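Structure record follows, encoded as structure tokens.
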Amino acid sequence: MTRTVYVNGEYLPETEATVSIFDRGFLFADGVYEVTSVLDGKLVDFAGHAKRLERSLGELEMTNPTTESELLEIHRELVARNGIEEGLIYLQITRGAADRDFAYPEDAAPTIVLFTQAKPGLADSPAAKAGIKVITIEDQRWGRRDIKTVQLLYPSMGKMMAKKAGADDAWMIEDGFVTEGTSNNAYIVKDGTIITRHLGTEILHGITRAAVLRFAREAQMKVEERAFTADEARDADEAFITSASSFVMPVVEIDGSAIGTGKPGPVATRLRDIYLDEMRKAAV
Ligand code: PMP
């Protein structure tokens, strides 16, 4: 089936959608993105993604070609046209096409692209029941990980390192501390306390992270936002990750050693249930 995608103001069949070879997203990875999940045909935490998009664009002095309400309309239109019940919407905005030059061009019009990915079974995922395995790797990404740019080559390399090691993902380590997963935020649970790295330029400020920490605090769970080591993770009672596409996903093994019982723990399981319930209710 041919998807309908959105490119620079037009809804087109995916086979007819094009972007210039001079686009700075292609030449310089000069672009930002968001991934919003769809549950029951509705958008999960759209406002959170729209807000972070504005922040990423602002940090790169890039202009947003749409207003938030236009963006919401485009998301909804794509969900409707492609009949998405469960899945994802990918949005990318780049600085646009211009003659190749490191300095930002003054007159380039931003490029905006959106497409859907159907993912039946996203919420009822077998991985969430079994838990995933992670390895640790050195964090060799650039220093502004708080900006959600499309330079995702190191995270791709990390995912491949994990695959080759028979694991599902990699947690990245910098100066002895875990920063985050290749495409998710990382958490451990020790003696009932949820521990996850504090916000800063070292990690992406996950939209799911913000929601999950809010729900955890509302449920009277203890939360500590601080850096933790891979050794602490190995000794933890539980571990999990969060992202817009995995929600809350238990982690049951790190570098070949089982975490806790080696099965998804009660805190991760409860947070996943709360997150999915609350976000389904609030979805637009
Ligand atoms: N960290 C990184 C490096 C990511 O790529 C992602 C997902 N894009 C996240 C964290 C999770 O962010 P969110 O919850 O907003 O999807």
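Chain lettering (A, B, ...) mirrors the order of the structure tokens, residue numbering begins at 1 for each chain separately, and ligand numbering begins at 1 in order of display.
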
At most 9 Å is the cut-off: for each residue in chain A with any atom that close to an atom of ligand 1, write down the nearest atom pair and the distance in Å rounded to one decimal, counting only C-alpha atoms and all ligand atoms, chain first then increasing number, as CSV.
```
residue,atom,partner,partner_atom_place_in_ligand_line,distance
A:Tyr33,CA,ligand 1,8 (N),8.5
A:Glu34,CA,ligand 1,8 (N),7.0
A:Val35,CA,ligand 1,16 (O),6.6
A:Thr36,CA,ligand 1,16 (O),7.6
A:Ser37,CA,ligand 1,16 (O),8.9
A:Gly48,CA,ligand 1,15 (O),8.2
A:His49,CA,ligand 1,15 (O),7.1
A:Arg52,CA,ligand 1,15 (O),8.4
A:Arg145,CA,ligand 1,3 (C),7.0
A:Asp146,CA,ligand 1,3 (C),8.5
A:Lys148,CA,ligand 1,8 (N),7.3
A:Leu152,CA,ligand 1,5 (O),8.1
A:Pro155,CA,ligand 1,3 (C),7.5
A:Thr179,CA,ligand 1,1 (N),8.8
A:Glu180,CA,ligand 1,1 (N),6.0
A:Gly181,CA,ligand 1,3 (C),6.2
A:Thr182,CA,ligand 1,3 (C),5.2
A:Ser183,CA,ligand 1,5 (O),3.4
A:Asn184,CA,ligand 1,10 (C),3.5
A:Asn185,CA,ligand 1,10 (C),4.4
A:Ala186,CA,ligand 1,10 (C),8.1
A:Ile203,CA,ligand 1,1 (N),6.2
A:Leu204,CA,ligand 1,1 (N),4.6
A:His205,CA,ligand 1,12 (O),6.4
A:Gly206,CA,ligand 1,12 (O),3.4
A:Ile207,CA,ligand 1,15 (O),3.7
A:Thr208,CA,ligand 1,14 (O),3.6
A:Arg209,CA,ligand 1,14 (O),5.5
A:Ala210,CA,ligand 1,14 (O),7.8
A:Ala211,CA,ligand 1,14 (O),8.6
A:Ile241,CA,ligand 1,11 (C),8.5
A:Thr242,CA,ligand 1,14 (O),5.8
A:Ser243,CA,ligand 1,14 (O),3.5
A:Ala244,CA,ligand 1,16 (O),3.7
A:Ser245,CA,ligand 1,16 (O),6.4
A:Ser246,CA,ligand 1,16 (O),8.1
A:Phe247,CA,ligand 1,14 (O),7.5
```

Would you return as a short mmCIF file (atom, residue, chain, number, x, y, z; two decimals) with C-alpha atoms, in the first residue's frame the members of region 17-203 of chain A that DSSP assigns to alpha helix (DSSP H) on this structure's backbone?
```
data_model
loop_
_atom_site.label_atom_id
_atom_site.label_comp_id
_atom_site.auth_asym_id
_atom_site.auth_seq_id
_atom_site.Cartn_x
_atom_site.Cartn_y
_atom_site.Cartn_z
CA ARG A 24 20.96 20.83 4.43
CA GLY A 25 19.35 17.92 6.22
CA PHE A 26 21.00 15.66 3.64
CA LEU A 27 24.33 17.54 3.41
CA PHE A 28 24.88 18.61 7.05
CA PHE A 46 1.30 16.03 20.94
CA ALA A 47 1.72 19.23 22.97
CA GLY A 48 4.93 17.92 24.57
CA HIS A 49 6.44 17.11 21.17
CA ALA A 50 5.40 20.46 19.69
CA LYS A 51 7.02 22.29 22.61
CA ARG A 52 10.31 20.39 22.32
CA LEU A 53 10.31 20.96 18.54
CA GLU A 54 10.14 24.73 19.15
CA ARG A 55 13.04 24.47 21.57
CA SER A 56 15.21 22.42 19.17
CA LEU A 57 14.49 24.86 16.31
CA GLY A 58 15.26 27.83 18.56
CA GLU A 59 18.63 26.40 19.64
CA GLU A 68 1.31 24.39 16.43
CA SER A 69 -2.31 24.15 15.32
CA GLU A 70 -1.33 23.64 11.67
CA LEU A 71 1.09 20.95 12.77
CA LEU A 72 -1.62 19.20 14.78
CA GLU A 73 -3.91 19.35 11.74
CA ILE A 74 -1.21 17.78 9.50
CA HIS A 75 -0.60 14.99 12.04
CA ARG A 76 -4.33 14.24 12.25
CA GLU A 77 -4.79 14.36 8.50
CA LEU A 78 -1.97 11.83 7.97
CA VAL A 79 -3.38 9.52 10.64
CA ALA A 80 -6.78 9.68 8.93
CA ARG A 81 -5.53 9.32 5.34
CA PRO A 126 5.83 -9.00 23.54
CA ALA A 127 9.12 -7.17 24.34
CA ALA A 128 7.38 -5.35 27.20
CA LYS A 129 6.37 -8.70 28.70
CA ALA A 130 9.82 -10.29 28.34
CA LEU A 153 24.75 7.80 13.08
CA TYR A 154 26.37 7.00 16.42
CA PRO A 155 23.07 5.78 17.89
CA SER A 156 22.70 3.57 14.77
CA MET A 157 26.22 2.22 15.30
CA GLY A 158 25.34 1.58 18.94
CA LYS A 159 22.21 -0.32 17.96
CA MET A 160 24.32 -2.48 15.62
CA MET A 161 26.89 -3.13 18.38
CA ALA A 162 23.99 -4.29 20.56
CA LYS A 163 22.59 -6.53 17.81
CA LYS A 164 25.97 -8.14 17.17
#
```

Would you pick out the contacts of region 262-278 of chain A at 8 Å or less, using only C-alpha atoms, so that residues sharing its chain but fewer than 5 positions from it are not included, and give the list as an MDAnalysis selection string? chainID A and resid 123 128:131 189 192 211:212 215:216 237:240 247:253

The selected residues should be written to file as a PDB file, in the first residue's frame (atoms: N, CA and C atoms).
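Heads up, here's the output in again-v3.pdb:
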```
ATOM      1  N   ALA A 123       1.341  -1.133  21.689  1.00  0.00           N
ATOM      2  CA  ALA A 123       1.107  -1.046  23.136  1.00  0.00           C
ATOM      3  C   ALA A 123       1.172  -2.417  23.792  1.00  0.00           C
ATOM      4  N   ALA A 128       7.693  -5.939  25.891  1.00  0.00           N
ATOM      5  CA  ALA A 128       7.380  -5.352  27.197  1.00  0.00           C
ATOM      6  C   ALA A 128       7.117  -6.443  28.235  1.00  0.00           C
ATOM      7  N   LYS A 129       6.639  -7.599  27.769  1.00  0.00           N
ATOM      8  CA  LYS A 129       6.374  -8.701  28.702  1.00  0.00           C
ATOM      9  C   LYS A 129       7.655  -9.439  29.065  1.00  0.00           C
ATOM     10  N   ALA A 130       8.578  -9.551  28.098  1.00  0.00           N
ATOM     11  CA  ALA A 130       9.824 -10.291  28.341  1.00  0.00           C
ATOM     12  C   ALA A 130      10.923  -9.392  28.906  1.00  0.00           C
ATOM     13  N   GLY A 131      10.879  -8.103  28.565  1.00  0.00           N
ATOM     14  CA  GLY A 131      11.980  -7.203  28.926  1.00  0.00           C
ATOM     15  C   GLY A 131      13.068  -7.284  27.876  1.00  0.00           C
ATOM     16  N   VAL A 189      15.969   1.070  39.300  1.00  0.00           N
ATOM     17  CA  VAL A 189      15.170   1.144  40.528  1.00  0.00           C
ATOM     18  C   VAL A 189      15.946   0.420  41.609  1.00  0.00           C
ATOM     19  N   GLY A 192      13.156   0.674  45.885  1.00  0.00           N
ATOM     20  CA  GLY A 192      11.914   1.425  45.639  1.00  0.00           C
ATOM     21  C   GLY A 192      12.110   2.806  45.047  1.00  0.00           C
ATOM     22  N   ALA A 211       6.638  12.773  31.408  1.00  0.00           N
ATOM     23  CA  ALA A 211       5.317  12.258  31.795  1.00  0.00           C
ATOM     24  C   ALA A 211       5.449  11.144  32.831  1.00  0.00           C
ATOM     25  N   VAL A 212       6.397  10.232  32.598  1.00  0.00           N
ATOM     26  CA  VAL A 212       6.558   9.081  33.505  1.00  0.00           C
ATOM     27  C   VAL A 212       6.997   9.550  34.895  1.00  0.00           C
ATOM     28  N   PHE A 215       3.944  10.961  36.619  1.00  0.00           N
ATOM     29  CA  PHE A 215       3.043   9.907  37.105  1.00  0.00           C
ATOM     30  C   PHE A 215       3.651   9.187  38.314  1.00  0.00           C
ATOM     31  N   ALA A 216       4.956   8.966  38.290  1.00  0.00           N
ATOM     32  CA  ALA A 216       5.621   8.266  39.405  1.00  0.00           C
ATOM     33  C   ALA A 216       5.457   9.084  40.689  1.00  0.00           C
ATOM     34  N   ASP A 237      17.535  -3.326  41.468  1.00  0.00           N
ATOM     35  CA  ASP A 237      16.426  -4.285  41.581  1.00  0.00           C
ATOM     36  C   ASP A 237      15.698  -4.420  40.247  1.00  0.00           C
ATOM     37  N   GLU A 238      15.661  -3.285  39.501  1.00  0.00           N
ATOM     38  CA  GLU A 238      15.001  -3.273  38.189  1.00  0.00           C
ATOM     39  C   GLU A 238      15.656  -2.215  37.333  1.00  0.00           C
ATOM     40  N   ALA A 239      15.364  -2.271  36.056  1.00  0.00           N
ATOM     41  CA  ALA A 239      15.768  -1.196  35.147  1.00  0.00           C
ATOM     42  C   ALA A 239      14.720  -1.090  34.055  1.00  0.00           C
ATOM     43  N   PHE A 240      14.667   0.089  33.429  1.00  0.00           N
ATOM     44  CA  PHE A 240      13.756   0.249  32.292  1.00  0.00           C
ATOM     45  C   PHE A 240      14.187   1.432  31.447  1.00  0.00           C
ATOM     46  N   PHE A 247       7.256   3.523  25.013  1.00  0.00           N
ATOM     47  CA  PHE A 247       6.547   3.856  26.255  1.00  0.00           C
ATOM     48  C   PHE A 247       7.485   3.568  27.435  1.00  0.00           C
ATOM     49  N   VAL A 248       7.101   2.625  28.317  1.00  0.00           N
ATOM     50  CA  VAL A 248       8.009   2.193  29.391  1.00  0.00           C
ATOM     51  C   VAL A 248       8.363   0.743  29.081  1.00  0.00           C
ATOM     52  N   MET A 249       9.645   0.459  28.898  1.00  0.00           N
ATOM     53  CA  MET A 249      10.067  -0.887  28.493  1.00  0.00           C
ATOM     54  C   MET A 249      11.056  -1.441  29.531  1.00  0.00           C
ATOM     55  N   PRO A 250      10.714  -2.576  30.169  1.00  0.00           N
ATOM     56  CA  PRO A 250      11.623  -3.133  31.169  1.00  0.00           C
ATOM     57  C   PRO A 250      12.942  -3.594  30.547  1.00  0.00           C
ATOM     58  N   VAL A 251      14.025  -3.421  31.295  1.00  0.00           N
ATOM     59  CA  VAL A 251      15.354  -3.917  30.905  1.00  0.00           C
ATOM     60  C   VAL A 251      15.711  -5.008  31.907  1.00  0.00           C
ATOM     61  N   VAL A 252      16.037  -6.206  31.407  1.00  0.00           N
ATOM     62  CA  VAL A 252      16.238  -7.331  32.330  1.00  0.00           C
ATOM     63  C   VAL A 252      17.676  -7.834  32.364  1.00  0.00           C
ATOM     64  N   GLU A 253      18.508  -7.291  31.482  1.00  0.00           N
ATOM     65  CA  GLU A 253      19.900  -7.752  31.446  1.00  0.00           C
ATOM     66  C   GLU A 253      20.808  -6.629  30.988  1.00  0.00           C
TER      67      GLU A 253
END
```

Which residues are near region 4-16 of chain A? Cut-off 6 Å, only C-alpha atoms, ignore same chain within fewer than 4 positions. Put them as an NGL selection string. :A and (112-115)

Convert the current residue selection to file output with all heavy atoms, as an mmCIF file, in the first residue's frame.
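again-v9.cif, freshly written:
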```
data_model
loop_
_atom_site.group_PDB
_atom_site.id
_atom_site.type_symbol
_atom_site.label_atom_id
_atom_site.label_comp_id
_atom_site.auth_asym_id
_atom_site.auth_seq_id
_atom_site.Cartn_x
_atom_site.Cartn_y
_atom_site.Cartn_z
ATOM 1 N N ILE A 112 9.886 20.724 5.385
ATOM 2 C CA ILE A 112 9.127 19.978 6.405
ATOM 3 C C ILE A 112 8.547 18.718 5.790
ATOM 4 O O ILE A 112 7.953 18.762 4.709
ATOM 5 C CB ILE A 112 8.048 20.856 7.083
ATOM 6 C CG1 ILE A 112 7.212 20.005 8.062
ATOM 7 C CG2 ILE A 112 7.153 21.566 6.080
ATOM 8 C CD1 ILE A 112 6.365 20.821 9.017
ATOM 9 N N VAL A 113 8.795 17.606 6.452
ATOM 10 C CA VAL A 113 8.362 16.298 5.968
ATOM 11 C C VAL A 113 7.695 15.553 7.119
ATOM 12 O O VAL A 113 8.220 15.554 8.237
ATOM 13 C CB VAL A 113 9.591 15.483 5.480
ATOM 14 C CG1 VAL A 113 9.230 14.031 5.236
ATOM 15 C CG2 VAL A 113 10.198 16.097 4.228
ATOM 16 N N LEU A 114 6.570 14.933 6.867
ATOM 17 C CA LEU A 114 5.960 14.040 7.865
ATOM 18 C C LEU A 114 5.527 12.751 7.176
ATOM 19 O O LEU A 114 5.037 12.786 6.041
ATOM 20 C CB LEU A 114 4.715 14.652 8.508
ATOM 21 C CG LEU A 114 4.905 15.774 9.510
ATOM 22 C CD1 LEU A 114 4.824 17.120 8.829
ATOM 23 C CD2 LEU A 114 3.858 15.699 10.617
ATOM 24 N N PHE A 115 5.704 11.648 7.874
ATOM 25 C CA PHE A 115 5.150 10.387 7.374
ATOM 26 C C PHE A 115 4.736 9.506 8.545
ATOM 27 O O PHE A 115 5.193 9.710 9.673
ATOM 28 C CB PHE A 115 6.124 9.650 6.435
ATOM 29 C CG PHE A 115 7.482 9.335 7.023
ATOM 30 C CD1 PHE A 115 7.664 8.229 7.829
ATOM 31 C CD2 PHE A 115 8.579 10.143 6.733
ATOM 32 C CE1 PHE A 115 8.930 7.922 8.340
ATOM 33 C CE2 PHE A 115 9.844 9.852 7.244
ATOM 34 C CZ PHE A 115 10.014 8.740 8.052
#
```

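Using only C-alpha atoms, the shortest contact distance between Thr149 (chain A) and any of A:Gln92, A:Thr111, A:Thr2, A:Thr18 is found at A:Gln92.
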
Would you please work out which residue, of A:Asp101, A:Asp231, A:Glu86, A:Asp175, is nearest to Ser125 (chain A) when using only C-alpha atoms? A:Glu86

How would you write, as a PyMOL selection string, the set of residues in region 61-198 of chain A that DSSP gives as strand (DSSP E or B)? chain A and resi 87-94+97+111-118+132-138+149+169-174+177-181+184-190+193-196
